[in-house]
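I have placed the structure first, in the form of structure tokens, so that the comments after it can refer back to it.
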Amino acid sequence: MAAFRPTLTLLASTGNVLCPATAVVKPLLRKAVPFKGLAPLSPRAPSLDSIRSQLTFPITDPLPRAPTPSGWEPPLGNTQHLPFEVRRTESQLLPVYSDYRNGRSRNLTIVRKIFGDAQALKNDLSLVCGGARVIERPGRLEIVGDYRKPIRLWLKRLGF
């Protein structure tokens, strides 16, 4: 005896699938597409040397050092002259993270542990990220796009 295999019938007018065995209308599954990544790529950030004259706070040139496995690098200099402070995490890394929102269609870069004048930091962050929108939230700044590497490099060269 052959096993019963219900067939799916496409209802052309509604775009739904009708399963005759249960007589329930279910939405049509989308056609499989190849995976192309998690989120669209952000616009490219300018190099720090190209916008050095536009930045409000001077940046120092990095010293040549061997990279550590964890990515930790010691702070480069004194940050007492800056009106803001970005404190490192307990593991001594810079608090720059990425987040995906709206079903992974919106990519954000988050800078946490900000103390002092957030507006001054916000203005220079926008320059470092190529004019990207910077959103101020309590205790953090959110930048639309994936700018983790240029922000970390900029904060290291500021002395943090």
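How things are named: the first chain in the structure tokens is A, the next is B, and so on; residues count from 1 in each chain; ligands count from 1 in the order shown.
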
Considering only C-alpha atoms, return as a PDB file with N, CA and C atoms, in the first residue's frame whatever protein or nucleic-acid residues lie within 8 Å of Pro58 (chain A), sequence-local ones (same chain, fewer than 3 positions apart) excluded.
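The result, written out as result-v3.pdb:
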ATOM      1  N   ARG A  52      42.907  64.542   9.770  1.00  0.00           N
ATOM      2  CA  ARG A  52      43.620  65.004  10.965  1.00  0.00           C
ATOM      3  C   ARG A  52      43.416  66.498  11.213  1.00  0.00           C
ATOM      4  N   LEU A  55      39.833  67.328  12.824  1.00  0.00           N
ATOM      5  CA  LEU A  55      39.508  66.837  14.160  1.00  0.00           C
ATOM      6  C   LEU A  55      39.758  67.912  15.205  1.00  0.00           C
ATOM      7  N   LEU A 158      44.084  58.735  20.292  1.00  0.00           N
ATOM      8  CA  LEU A 158      43.811  59.840  21.209  1.00  0.00           C
ATOM      9  C   LEU A 158      44.523  59.632  22.535  1.00  0.00           C
TER      10      LEU A 158
END

* Spatial neighbours of Thr60 (chain A), max dist 8 Å, only C-alpha atoms, sep filter under 4 positions, as a ChimeraX atom specification -> /A:76,157-159

* Between CA of Phe57 (chain A) and CA of Val111 (chain A) - distance in Å to one decimal ->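 Taking CA of Val111 (chain A) as the start and CA of Phe57 (chain A) as the end point, the length is 17.6 Å.
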
* Contact residues around region 63-75 of chain A with only C-alpha atoms at 8 Å, ignoring same-chain residues under 2 positions, as a count of residues only -> 7

* To do: Fewer than 5 positions away in the same chain doesn't count, so skip those; otherwise give me all residues within 10 Å of region 143-146 of chain A, counting only C-alpha atoms, as a ChimeraX atom specification.
  => /A:39-45,97-100,106-111,122,125-126,129,131-136,151

* Take CA of Ser47 (chain A) and CA of Gln80 (chain A) and report the distance between them in Å, one decimal. =>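 The value is 24.9 Å.
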
Excluding Ile51 (chain A) and its own-chain neighbours fewer than 5 positions away, which residues fall within 9 Å of it when counting only C-alpha atoms? Please give them as a PDB file with all heavy atoms, in the first residue's frame.
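Saved to part_1.pdb:
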ATOM      1  N   PRO A  46      36.886  57.452   6.254  1.00  0.00           N
ATOM      2  CA  PRO A  46      38.145  58.030   5.774  1.00  0.00           C
ATOM      3  C   PRO A  46      39.291  57.662   6.708  1.00  0.00           C
ATOM      4  O   PRO A  46      39.082  57.343   7.873  1.00  0.00           O
ATOM      5  CB  PRO A  46      37.867  59.536   5.813  1.00  0.00           C
ATOM      6  CG  PRO A  46      36.812  59.692   6.839  1.00  0.00           C
ATOM      7  CD  PRO A  46      35.969  58.443   6.778  1.00  0.00           C
ATOM      8  N   LEU A 127      33.021  62.774  12.247  1.00  0.00           N
ATOM      9  CA  LEU A 127      34.093  62.994  11.274  1.00  0.00           C
ATOM     10  C   LEU A 127      34.882  61.711  11.016  1.00  0.00           C
ATOM     11  O   LEU A 127      35.210  61.396   9.874  1.00  0.00           O
ATOM     12  CB  LEU A 127      35.045  64.080  11.764  1.00  0.00           C
ATOM     13  CG  LEU A 127      34.578  65.516  11.642  1.00  0.00           C
ATOM     14  CD1 LEU A 127      35.569  66.443  12.315  1.00  0.00           C
ATOM     15  CD2 LEU A 127      34.395  65.890  10.187  1.00  0.00           C
ATOM     16  N   VAL A 128      35.198  60.990  12.085  1.00  0.00           N
ATOM     17  CA  VAL A 128      35.979  59.751  11.950  1.00  0.00           C
ATOM     18  C   VAL A 128      35.216  58.720  11.129  1.00  0.00           C
ATOM     19  O   VAL A 128      35.812  57.963  10.365  1.00  0.00           O
ATOM     20  CB  VAL A 128      36.338  59.192  13.349  1.00  0.00           C
ATOM     21  CG1 VAL A 128      36.903  57.800  13.260  1.00  0.00           C
ATOM     22  CG2 VAL A 128      37.315  60.121  14.034  1.00  0.00           C
TER      23      VAL A 128
END

* Give the answer as one residue: which of A:Leu82, A:Leu155, A:Ile59, A:Leu141 has the shortest atom-to-atom distance to Ile114 (chain A), using only C-alpha atoms? =>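 Checking each of A:Leu82, A:Leu155, A:Ile59, A:Leu141 against Ile114 (chain A), counting only C-alpha atoms, the winner is A:Leu141.
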
* Expressed in Å to a single decimal, how great is the separation between CA of Asp124 (chain A) and CA of Trp154 (chain A)? ->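 It comes out at 9.8 Å.
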